[in-house]
>>> print(open('query-v9.json').read())   # JSON, C-alpha atoms and all ligand atoms
[["chain", "number", "residue", "atom", "x", "y", "z"],
["A", 1, "MET", "CA", 18.70, -85.24, 47.10],
["A", 2, "ASP", "CA", 20.76, -82.25, 46.13],
["A", 3, "LEU", "CA", 19.86, -80.97, 42.69],
["A", 4, "ALA", "CA", 23.21, -79.26, 42.46],
["A", 5, "ASP", "CA", 24.76, -82.69, 42.18],
["A", 6, "LEU", "CA", 22.70, -83.37, 39.06],
["A", 7, "TYR", "CA", 22.93, -80.05, 37.34],
["A", 8, "ARG", "CA", 26.50, -80.08, 36.38],
["A", 9, "ASP", "CA", 27.85, -77.52, 33.98],
["A", 10, "VAL", "CA", 27.15, -79.58, 30.88],
["A", 11, "ILE", "CA", 23.53, -80.14, 31.81],
["A", 12, "VAL", "CA", 22.97, -76.51, 32.70],
["A", 13, "ASP", "CA", 24.52, -75.43, 29.42],
["A", 14, "HIS", "CA", 22.44, -77.82, 27.31],
["A", 15, "ASN", "CA", 19.27, -76.91, 29.15],
["A", 16, "ARG", "CA", 19.81, -73.20, 28.61],
["A", 17, "ASN", "CA", 20.95, -73.56, 25.02],
["A", 18, "PRO", "CA", 19.51, -76.77, 23.61],
["A", 19, "ARG", "CA", 21.26, -77.91, 20.43],
["A", 20, "ASN", "CA", 19.31, -78.98, 17.34],
["A", 21, "ARG", "CA", 16.12, -77.46, 18.69],
["A", 22, "GLY", "CA", 12.95, -77.41, 16.61],
["A", 23, "ARG", "CA", 11.43, -79.55, 13.93],
["A", 24, "LEU", "CA", 12.66, -80.66, 10.51],
["A", 25, "PRO", "CA", 10.22, -79.51, 7.78],
["A", 26, "GLN", "CA", 10.24, -82.80, 5.91],
["A", 27, "PRO", "CA", 11.54, -85.51, 8.22],
["A", 28, "SER", "CA", 11.97, -89.08, 7.04],
["A", 29, "HIS", "CA", 11.13, -90.25, 10.57],
["A", 30, "SER", "CA", 9.40, -88.71, 13.56],
["A", 31, "ALA", "CA", 7.91, -89.70, 16.89],
["A", 32, "GLU", "CA", 6.45, -88.23, 20.05],
["A", 33, "GLY", "CA", 7.35, -89.19, 23.57],
["A", 34, "ASN", "CA", 5.81, -88.45, 26.93],
["A", 35, "ASN", "CA", 7.01, -88.89, 30.47],
["A", 36, "PRO", "CA", 3.80, -88.49, 32.50],
["A", 37, "LEU", "CA", 5.64, -88.83, 35.80],
["A", 38, "CYS", "CA", 7.43, -85.53, 35.25],
["A", 39, "GLY", "CA", 5.36, -83.96, 32.47],
["A", 40, "ASP", "CA", 8.13, -84.05, 29.86],
["A", 41, "GLN", "CA", 6.94, -83.96, 26.25],
["A", 42, "LEU", "CA", 9.15, -84.37, 23.22],
["A", 43, "ARG", "CA", 8.94, -84.64, 19.45],
["A", 44, "VAL", "CA", 11.93, -85.96, 17.56],
["A", 45, "THR", "CA", 12.22, -85.49, 13.80],
["A", 46, "LEU", "CA", 14.94, -87.19, 11.78],
["A", 47, "GLU", "CA", 16.47, -87.18, 8.35],
["A", 48, "VAL", "CA", 17.82, -90.64, 7.64],
["A", 49, "SER", "CA", 19.26, -91.80, 4.34],
["A", 50, "ASP", "CA", 21.60, -94.62, 3.34],
["A", 51, "GLY", "CA", 21.62, -95.88, 6.92],
["A", 52, "VAL", "CA", 22.97, -92.63, 8.30],
["A", 53, "LEU", "CA", 21.18, -90.27, 10.69],
["A", 54, "ARG", "CA", 22.00, -87.09, 8.82],
["A", 55, "ASP", "CA", 19.96, -84.59, 10.78],
["A", 56, "ILE", "CA", 17.86, -84.40, 13.93],
["A", 57, "ARG", "CA", 15.71, -81.85, 15.71],
["A", 58, "CYS", "CA", 14.14, -82.11, 19.13],
["A", 59, "GLU", "CA", 11.17, -80.03, 20.18],
["A", 60, "GLY", "CA", 9.18, -80.11, 23.36],
["A", 61, "ARG", "CA", 8.87, -78.97, 26.90],
["A", 62, "GLY", "CA", 10.15, -80.59, 29.98],
["A", 63, "CYS", "CA", 12.44, -80.42, 32.94],
["A", 64, "ALA", "CA", 16.10, -79.51, 32.74],
["A", 65, "ILE", "CA", 17.22, -83.13, 32.61],
["A", 66, "SER", "CA", 14.93, -84.08, 29.72],
["A", 67, "THR", "CA", 15.83, -80.97, 27.76],
["A", 68, "ALA", "CA", 19.56, -81.38, 28.32],
["A", 69, "SER", "CA", 19.43, -85.08, 27.54],
["A", 70, "ALA", "CA", 17.67, -84.49, 24.22],
["A", 71, "SER", "CA", 20.21, -81.82, 23.34],
["A", 72, "LEU", "CA", 23.16, -84.05, 24.26],
["A", 73, "MET", "CA", 21.62, -86.95, 22.35],
["A", 74, "SER", "CA", 21.10, -84.85, 19.24],
["A", 75, "GLU", "CA", 24.77, -83.88, 19.18],
["A", 76, "ALA", "CA", 25.89, -87.44, 19.85],
["A", 77, "VAL", "CA", 23.87, -89.15, 17.11],
["A", 78, "LYS", "CA", 23.92, -86.58, 14.32],
["A", 79, "GLY", "CA", 25.96, -87.75, 11.35],
["A", 80, "HIS", "CA", 26.36, -91.29, 12.66],
["A", 81, "SER", "CA", 25.24, -94.59, 11.17],
["A", 82, "LEU", "CA", 22.17, -96.25, 12.62],
["A", 83, "ALA", "CA", 24.40, -99.07, 13.87],
["A", 84, "GLU", "CA", 26.49, -96.55, 15.78],
["A", 85, "VAL", "CA", 23.34, -94.92, 17.15],
["A", 86, "ALA", "CA", 22.09, -98.30, 18.36],
["A", 87, "GLY", "CA", 25.44, -98.94, 20.02],
["A", 88, "LEU", "CA", 25.34, -95.57, 21.72],
["A", 89, "PHE", "CA", 21.81, -96.20, 23.00],
["A", 90, "GLY", "CA", 23.02, -99.46, 24.55],
["A", 91, "GLN", "CA", 25.81, -97.63, 26.36],
["A", 92, "VAL", "CA", 23.52, -94.85, 27.56],
["A", 93, "HIS", "CA", 20.96, -97.36, 28.77],
["A", 94, "GLN", "CA", 23.63, -99.21, 30.73],
["A", 95, "MET", "CA", 24.98, -95.97, 32.15],
["A", 96, "LEU", "CA", 21.51, -94.91, 33.33],
["A", 97, "THR", "CA", 20.48, -98.24, 34.82],
["A", 98, "SER", "CA", 23.61, -99.96, 36.08],
["A", 99, "HIS", "CA", 25.21, -98.56, 39.19],
["A", 100, "ASP", "CA", 28.47, -100.28, 38.42],
["A", 101, "ALA", "CA", 28.78, -99.10, 34.85],
["A", 102, "VAL", "CA", 31.65, -96.76, 34.10],
["A", 103, "PRO", "CA", 30.81, -94.46, 31.18],
["A", 104, "GLY", "CA", 33.01, -95.40, 28.23],
["A", 105, "PRO", "CA", 34.93, -92.87, 26.16],
["A", 106, "ASP", "CA", 32.39, -93.19, 23.32],
["A", 107, "LEU", "CA", 29.80, -91.48, 25.49],
["A", 108, "GLY", "CA", 31.63, -88.17, 25.60],
["A", 109, "LYS", "CA", 29.47, -85.45, 27.09],
["A", 110, "LEU", "CA", 26.61, -87.91, 27.58],
["A", 111, "ALA", "CA", 28.49, -89.09, 30.67],
["A", 112, "ALA", "CA", 27.28, -85.89, 32.35],
["A", 113, "LEU", "CA", 23.94, -87.66, 32.78],
["A", 114, "SER", "CA", 25.39, -90.60, 34.69],
["A", 115, "GLY", "CA", 24.47, -88.98, 38.02],
["A", 116, "VAL", "CA", 20.75, -89.35, 37.37],
["A", 117, "ARG", "CA", 20.87, -93.10, 37.92],
["A", 118, "GLU", "CA", 20.78, -92.41, 41.64],
["A", 119, "PHE", "CA", 17.30, -90.98, 41.13],
["A", 120, "PRO", "CA", 14.95, -93.48, 39.41],
["A", 121, "ALA", "CA", 12.34, -90.85, 38.52],
["A", 122, "ARG", "CA", 15.03, -88.82, 36.79],
["A", 123, "VAL", "CA", 16.20, -91.79, 34.73],
["A", 124, "LYS", "CA", 12.91, -91.53, 32.83],
["A", 125, "CYS", "CA", 13.55, -87.86, 32.14],
["A", 126, "ALA", "CA", 16.99, -88.66, 30.75],
["A", 127, "SER", "CA", 15.93, -91.71, 28.72],
["A", 128, "LEU", "CA", 12.75, -90.24, 27.21],
["A", 129, "CYS", "CA", 14.58, -88.80, 24.21],
["A", 130, "TRP", "CA", 16.30, -92.12, 23.46],
["A", 131, "HIS", "CA", 13.05, -94.06, 23.59],
["A", 132, "THR", "CA", 11.47, -91.44, 21.34],
["A", 133, "LEU", "CA", 14.39, -91.69, 18.93],
["A", 134, "ASN", "CA", 14.04, -95.47, 18.82],
["A", 135, "ALA", "CA", 10.30, -95.16, 18.20],
["A", 136, "ALA", "CA", 10.96, -92.78, 15.31],
["A", 137, "LEU", "CA", 13.51, -95.14, 13.77],
["A", 138, "ALA", "CA", 11.13, -98.08, 14.23],
["A", 139, "GLY", "CA", 8.33, -96.16, 12.55],
["A", 140, "ASP", "CA", 6.01, -96.37, 15.54],
["A", 141, "ALA", "CA", 2.95, -94.21, 14.98],
["A", 142, "ALA", "CA", 1.74, -94.21, 18.59],
["A", 143, "PRO", "CA", 3.45, -91.85, 21.03],
["A", 144, "VAL", "CA", 5.84, -93.61, 23.38],
["A", 145, "SER", "CA", 5.43, -93.27, 27.10],
["A", 146, "THR", "CA", 7.87, -93.95, 29.88],
["A", 147, "GLU", "CA", 4.98, -95.29, 32.00],
["B", 1, "ZN", "ZN", 11.59, -84.64, 33.60]]
>>> encode(input="query-v9.json", output="structure tokens", more="lines below")
Ligand code: ZN
Amino acid sequence: MDLADLYRDVIVDHNRNPRNRGRLPQPSHSAEGNNPLCGDQLRVTLEVSDGVLRDIRCEGRGCAISTASASLMSEAVKGHSLAEVAGLFGQVHQMLTSHDAVPGPDLGKLAALSGVREFPARVKCASLCWHTLNAALAGDAAPVSTE
């Protein structure tokens, strides 16, 4: 596999300068996620009120794909209703798992991650942040794992 095919400009940019980095001081929701296969670790903290995801921070260490994916996710979900977030997750999941799926216009920059579906191990890097976000919204106390 040629990593250059994966690391398109958007991914490189979001890995070098992750958006919404860090941890909210008083989150309404939070969760931890681990991807043992790659070693990616992530904590997502959220501020949710009135059914809207008003703020999000992602903190952790991991490979370029996991870092960029968390950054892209944070931009995509911030300020959106939980119903919209759930809809976006469905589209991302389809994009990452279905070889026939064409990324819809709603995905925006998230489409930059569509190339990882050719590399099953990398799908876990890209989806870790979404599973962690879901765990936070569901109130799961135990860390989520991609294994
Ligand atoms: Zn990774």
>>> residues_around(input="query-v9.json", residues="range 8-24 of chain A", least_positions_apart="6", cutoff="12 Å", atoms="all atoms listed in the file", output="PyMOL selection string")
chain A and resi 2+30-32+42-48+54-78+108-116+126
>>> atom_distance(input="query-v9.json", atom1="CA of Asp50 in chain A", atom2="CA of Leu133 in chain A")
17.4 Å
>>> axis_aligned_box(input="query-v9.json", around="range 129-144 of chain A", padding_each_side="8 Å", output="JSON")
{"center_x": 9.0, "center_y": -93.4, "center_z": 18.4, "size_x": 30.6, "size_y": 25.3, "size_z": 27.7}
>>> atom_distance(input="query-v9.json", atom1="CA of Ser127 in chain A", atom2="CA of Ala83 in chain A")
18.6 Å
>>> residues_around(input="query-v9.json", residues="Ala101 in chain A", least_positions_apart="6", cutoff="12 Å", atoms="all atoms listed in the file", output="list of chain:residue names")
A:Gly90, A:Gln91, A:Val92, A:His93, A:Gln94, A:Met95, A:Ala111, A:Ser114, A:Gly115, A:Arg117
>>> atom_distance(input="query-v9.json", atom1="CA of Asp40 in chain A", atom2="CA of Pro105 in chain A")
28.5 Å
>>> closest_residue(input="query-v9.json", among="A:Pro27, A:Leu128, A:Ala142, A:Asp106", to="ligand ZN 1 (chain B)", atoms="only C-alpha atoms and all ligand atoms")
A:Leu128
>>> closest_residue(input="query-v9.json", among="A:Thr97, A:Asn134, A:Ser81, A:Thr146", to="Gln41 in chain A", atoms="all atoms listed in the file")
A:Thr146
>>> closest_residue(input="query-v9.json", among="A:Val123, A:Gly87, A:Val52, A:Leu96", to="ligand ZN 1 (chain B)", atoms="all atoms listed in the file")
A:Val123
>>> closest_residue(input="query-v9.json", among="A:Phe89, A:Leu137, A:Glu84, A:Glu147", to="Ser28 in chain A", atoms="all atoms listed in the file")
A:Leu137
>>> decode(input="query-v9.json", residues="range 17-53 of chain A", atoms="N, CA, C and O atoms", output="PDB file, in the first residue's frame")
ATOM      1  N   ASN A  17      -2.541  20.067  12.381  1.00  0.00           N
ATOM      2  CA  ASN A  17      -3.245  21.105  13.142  1.00  0.00           C
ATOM      3  C   ASN A  17      -4.634  20.631  13.531  1.00  0.00           C
ATOM      4  O   ASN A  17      -5.632  21.095  12.977  1.00  0.00           O
ATOM      5  N   PRO A  18      -4.699  19.705  14.488  1.00  0.00           N
ATOM      6  CA  PRO A  18      -6.020  19.162  14.852  1.00  0.00           C
ATOM      7  C   PRO A  18      -6.936  20.248  15.414  1.00  0.00           C
ATOM      8  O   PRO A  18      -6.516  21.044  16.249  1.00  0.00           O
ATOM      9  N   ARG A  19      -8.181  20.250  14.916  1.00  0.00           N
ATOM     10  CA  ARG A  19      -9.166  21.226  15.388  1.00  0.00           C
ATOM     11  C   ARG A  19      -9.816  20.707  16.676  1.00  0.00           C
ATOM     12  O   ARG A  19      -9.920  19.503  16.882  1.00  0.00           O
ATOM     13  N   ASN A  20     -10.255  21.651  17.500  1.00  0.00           N
ATOM     14  CA  ASN A  20     -10.980  21.303  18.737  1.00  0.00           C
ATOM     15  C   ASN A  20     -10.192  20.317  19.599  1.00  0.00           C
ATOM     16  O   ASN A  20     -10.732  19.350  20.127  1.00  0.00           O
ATOM     17  N   ARG A  21      -8.922  20.591  19.734  1.00  0.00           N
ATOM     18  CA  ARG A  21      -8.019  19.750  20.497  1.00  0.00           C
ATOM     19  C   ARG A  21      -8.162  20.049  21.986  1.00  0.00           C
ATOM     20  O   ARG A  21      -8.388  21.204  22.359  1.00  0.00           O
ATOM     21  N   GLY A  22      -8.025  19.050  22.826  1.00  0.00           N
ATOM     22  CA  GLY A  22      -8.009  19.267  24.261  1.00  0.00           C
ATOM     23  C   GLY A  22      -9.195  18.656  24.964  1.00  0.00           C
ATOM     24  O   GLY A  22      -9.744  17.647  24.502  1.00  0.00           O
ATOM     25  N   ARG A  23      -9.571  19.258  26.073  1.00  0.00           N
ATOM     26  CA  ARG A  23     -10.591  18.675  26.921  1.00  0.00           C
ATOM     27  C   ARG A  23     -11.462  19.794  27.487  1.00  0.00           C
ATOM     28  O   ARG A  23     -10.932  20.791  27.982  1.00  0.00           O
ATOM     29  N   LEU A  24     -12.767  19.630  27.409  1.00  0.00           N
ATOM     30  CA  LEU A  24     -13.667  20.616  28.005  1.00  0.00           C
ATOM     31  C   LEU A  24     -13.582  20.500  29.528  1.00  0.00           C
ATOM     32  O   LEU A  24     -13.547  19.392  30.062  1.00  0.00           O
ATOM     33  N   PRO A  25     -13.547  21.646  30.250  1.00  0.00           N
ATOM     34  CA  PRO A  25     -13.394  21.584  31.706  1.00  0.00           C
ATOM     35  C   PRO A  25     -14.591  20.945  32.413  1.00  0.00           C
ATOM     36  O   PRO A  25     -14.415  20.231  33.396  1.00  0.00           O
ATOM     37  N   GLN A  26     -15.777  21.200  31.916  1.00  0.00           N
ATOM     38  CA  GLN A  26     -16.963  20.640  32.567  1.00  0.00           C
ATOM     39  C   GLN A  26     -17.903  20.046  31.517  1.00  0.00           C
ATOM     40  O   GLN A  26     -18.991  20.587  31.257  1.00  0.00           O
ATOM     41  N   PRO A  27     -17.481  18.928  30.943  1.00  0.00           N
ATOM     42  CA  PRO A  27     -18.299  18.339  29.865  1.00  0.00           C
ATOM     43  C   PRO A  27     -19.587  17.725  30.403  1.00  0.00           C
ATOM     44  O   PRO A  27     -19.625  17.235  31.536  1.00  0.00           O
ATOM     45  N   SER A  28     -20.616  17.755  29.580  1.00  0.00           N
ATOM     46  CA  SER A  28     -21.853  17.053  29.944  1.00  0.00           C
ATOM     47  C   SER A  28     -21.723  15.569  29.630  1.00  0.00           C
ATOM     48  O   SER A  28     -22.397  14.741  30.236  1.00  0.00           O
ATOM     49  N   HIS A  29     -20.846  15.234  28.662  1.00  0.00           N
ATOM     50  CA  HIS A  29     -20.628  13.848  28.275  1.00  0.00           C
ATOM     51  C   HIS A  29     -19.142  13.661  27.978  1.00  0.00           C
ATOM     52  O   HIS A  29     -18.502  14.570  27.447  1.00  0.00           O
ATOM     53  N   SER A  30     -18.640  12.454  28.274  1.00  0.00           N
ATOM     54  CA  SER A  30     -17.267  12.148  27.883  1.00  0.00           C
ATOM     55  C   SER A  30     -17.103  10.640  27.764  1.00  0.00           C
ATOM     56  O   SER A  30     -17.892   9.866  28.328  1.00  0.00           O
ATOM     57  N   ALA A  31     -16.097  10.255  27.008  1.00  0.00           N
ATOM     58  CA  ALA A  31     -15.792   8.823  26.859  1.00  0.00           C
ATOM     59  C   ALA A  31     -14.363   8.669  26.377  1.00  0.00           C
ATOM     60  O   ALA A  31     -13.775   9.586  25.793  1.00  0.00           O
ATOM     61  N   GLU A  32     -13.821   7.480  26.641  1.00  0.00           N
ATOM     62  CA  GLU A  32     -12.498   7.124  26.150  1.00  0.00           C
ATOM     63  C   GLU A  32     -12.622   6.009  25.126  1.00  0.00           C
ATOM     64  O   GLU A  32     -13.496   5.144  25.250  1.00  0.00           O
ATOM     65  N   GLY A  33     -11.726   6.057  24.159  1.00  0.00           N
ATOM     66  CA  GLY A  33     -11.692   4.994  23.163  1.00  0.00           C
ATOM     67  C   GLY A  33     -10.274   4.534  22.915  1.00  0.00           C
ATOM     68  O   GLY A  33      -9.325   5.318  23.030  1.00  0.00           O
ATOM     69  N   ASN A  34     -10.140   3.259  22.617  1.00  0.00           N
ATOM     70  CA  ASN A  34      -8.833   2.685  22.314  1.00  0.00           C
ATOM     71  C   ASN A  34      -8.906   1.826  21.067  1.00  0.00           C
ATOM     72  O   ASN A  34      -9.890   1.113  20.860  1.00  0.00           O
ATOM     73  N   ASN A  35      -7.860   1.919  20.277  1.00  0.00           N
ATOM     74  CA  ASN A  35      -7.712   1.033  19.130  1.00  0.00           C
ATOM     75  C   ASN A  35      -6.413   0.259  19.309  1.00  0.00           C
ATOM     76  O   ASN A  35      -5.351   0.709  18.863  1.00  0.00           O
ATOM     77  N   PRO A  36      -6.482  -0.891  20.022  1.00  0.00           N
ATOM     78  CA  PRO A  36      -5.260  -1.624  20.378  1.00  0.00           C
ATOM     79  C   PRO A  36      -4.431  -2.038  19.166  1.00  0.00           C
ATOM     80  O   PRO A  36      -3.210  -2.126  19.251  1.00  0.00           O
ATOM     81  N   LEU A  37      -5.089  -2.278  18.057  1.00  0.00           N
ATOM     82  CA  LEU A  37      -4.402  -2.739  16.860  1.00  0.00           C
ATOM     83  C   LEU A  37      -3.314  -1.751  16.427  1.00  0.00           C
ATOM     84  O   LEU A  37      -2.244  -2.143  15.971  1.00  0.00           O
ATOM     85  N   CYS A  38      -3.634  -0.461  16.587  1.00  0.00           N
ATOM     86  CA  CYS A  38      -2.707   0.578  16.124  1.00  0.00           C
ATOM     87  C   CYS A  38      -2.074   1.321  17.290  1.00  0.00           C
ATOM     88  O   CYS A  38      -1.005   1.908  17.156  1.00  0.00           O
ATOM     89  N   GLY A  39      -2.753   1.282  18.455  1.00  0.00           N
ATOM     90  CA  GLY A  39      -2.257   2.030  19.604  1.00  0.00           C
ATOM     91  C   GLY A  39      -2.892   3.396  19.762  1.00  0.00           C
ATOM     92  O   GLY A  39      -2.440   4.206  20.572  1.00  0.00           O
ATOM     93  N   ASP A  40      -3.948   3.666  18.998  1.00  0.00           N
ATOM     94  CA  ASP A  40      -4.623   4.959  19.087  1.00  0.00           C
ATOM     95  C   ASP A  40      -5.421   5.054  20.387  1.00  0.00           C
ATOM     96  O   ASP A  40      -6.126   4.119  20.757  1.00  0.00           O
ATOM     97  N   GLN A  41      -5.284   6.188  21.064  1.00  0.00           N
ATOM     98  CA  GLN A  41      -6.060   6.454  22.273  1.00  0.00           C
ATOM     99  C   GLN A  41      -6.719   7.812  22.121  1.00  0.00           C
ATOM    100  O   GLN A  41      -6.113   8.743  21.592  1.00  0.00           O
ATOM    101  N   LEU A  42      -7.960   7.904  22.631  1.00  0.00           N
ATOM    102  CA  LEU A  42      -8.708   9.132  22.427  1.00  0.00           C
ATOM    103  C   LEU A  42      -9.656   9.370  23.586  1.00  0.00           C
ATOM    104  O   LEU A  42     -10.244   8.421  24.123  1.00  0.00           O
ATOM    105  N   ARG A  43      -9.768  10.625  24.004  1.00  0.00           N
ATOM    106  CA  ARG A  43     -10.831  11.020  24.920  1.00  0.00           C
ATOM    107  C   ARG A  43     -11.645  12.114  24.245  1.00  0.00           C
ATOM    108  O   ARG A  43     -11.079  13.083  23.730  1.00  0.00           O
ATOM    109  N   VAL A  44     -12.943  11.922  24.254  1.00  0.00           N
ATOM    110  CA  VAL A  44     -13.860  12.904  23.674  1.00  0.00           C
ATOM    111  C   VAL A  44     -14.682  13.511  24.795  1.00  0.00           C
ATOM    112  O   VAL A  44     -15.269  12.776  25.600  1.00  0.00           O
ATOM    113  N   THR A  45     -14.693  14.822  24.894  1.00  0.00           N
ATOM    114  CA  THR A  45     -15.566  15.510  25.849  1.00  0.00           C
ATOM    115  C   THR A  45     -16.545  16.381  25.070  1.00  0.00           C
ATOM    116  O   THR A  45     -16.191  16.998  24.061  1.00  0.00           O
ATOM    117  N   LEU A  46     -17.778  16.411  25.561  1.00  0.00           N
ATOM    118  CA  LEU A  46     -18.867  17.086  24.848  1.00  0.00           C
ATOM    119  C   LEU A  46     -19.623  18.035  25.764  1.00  0.00           C
ATOM    120  O   LEU A  46     -19.713  17.814  26.973  1.00  0.00           O
ATOM    121  N   GLU A  47     -20.190  19.044  25.145  1.00  0.00           N
ATOM    122  CA  GLU A  47     -21.175  19.888  25.808  1.00  0.00           C
ATOM    123  C   GLU A  47     -22.459  19.787  24.997  1.00  0.00           C
ATOM    124  O   GLU A  47     -22.522  20.277  23.862  1.00  0.00           O
ATOM    125  N   VAL A  48     -23.427  19.099  25.575  1.00  0.00           N
ATOM    126  CA  VAL A  48     -24.708  18.888  24.901  1.00  0.00           C
ATOM    127  C   VAL A  48     -25.808  19.529  25.724  1.00  0.00           C
ATOM    128  O   VAL A  48     -25.880  19.321  26.943  1.00  0.00           O
ATOM    129  N   SER A  49     -26.645  20.311  25.064  1.00  0.00           N
ATOM    130  CA  SER A  49     -27.830  20.845  25.739  1.00  0.00           C
ATOM    131  C   SER A  49     -28.935  21.042  24.716  1.00  0.00           C
ATOM    132  O   SER A  49     -28.679  21.359  23.553  1.00  0.00           O
ATOM    133  N   ASP A  50     -30.165  20.800  25.157  1.00  0.00           N
ATOM    134  CA  ASP A  50     -31.341  20.938  24.299  1.00  0.00           C
ATOM    135  C   ASP A  50     -31.203  20.148  23.004  1.00  0.00           C
ATOM    136  O   ASP A  50     -31.640  20.599  21.938  1.00  0.00           O
ATOM    137  N   GLY A  51     -30.564  18.972  23.097  1.00  0.00           N
ATOM    138  CA  GLY A  51     -30.458  18.114  21.928  1.00  0.00           C
ATOM    139  C   GLY A  51     -29.471  18.584  20.877  1.00  0.00           C
ATOM    140  O   GLY A  51     -29.480  18.099  19.745  1.00  0.00           O
ATOM    141  N   VAL A  52     -28.623  19.528  21.258  1.00  0.00           N
ATOM    142  CA  VAL A  52     -27.629  20.049  20.316  1.00  0.00           C
ATOM    143  C   VAL A  52     -26.227  19.837  20.882  1.00  0.00           C
ATOM    144  O   VAL A  52     -25.976  20.113  22.064  1.00  0.00           O
ATOM    145  N   LEU A  53     -25.330  19.340  20.026  1.00  0.00           N
ATOM    146  CA  LEU A  53     -23.934  19.172  20.415  1.00  0.00           C
ATOM    147  C   LEU A  53     -23.232  20.525  20.230  1.00  0.00           C
ATOM    148  O   LEU A  53     -22.824  20.877  19.132  1.00  0.00           O
TER     149      LEU A  53
END
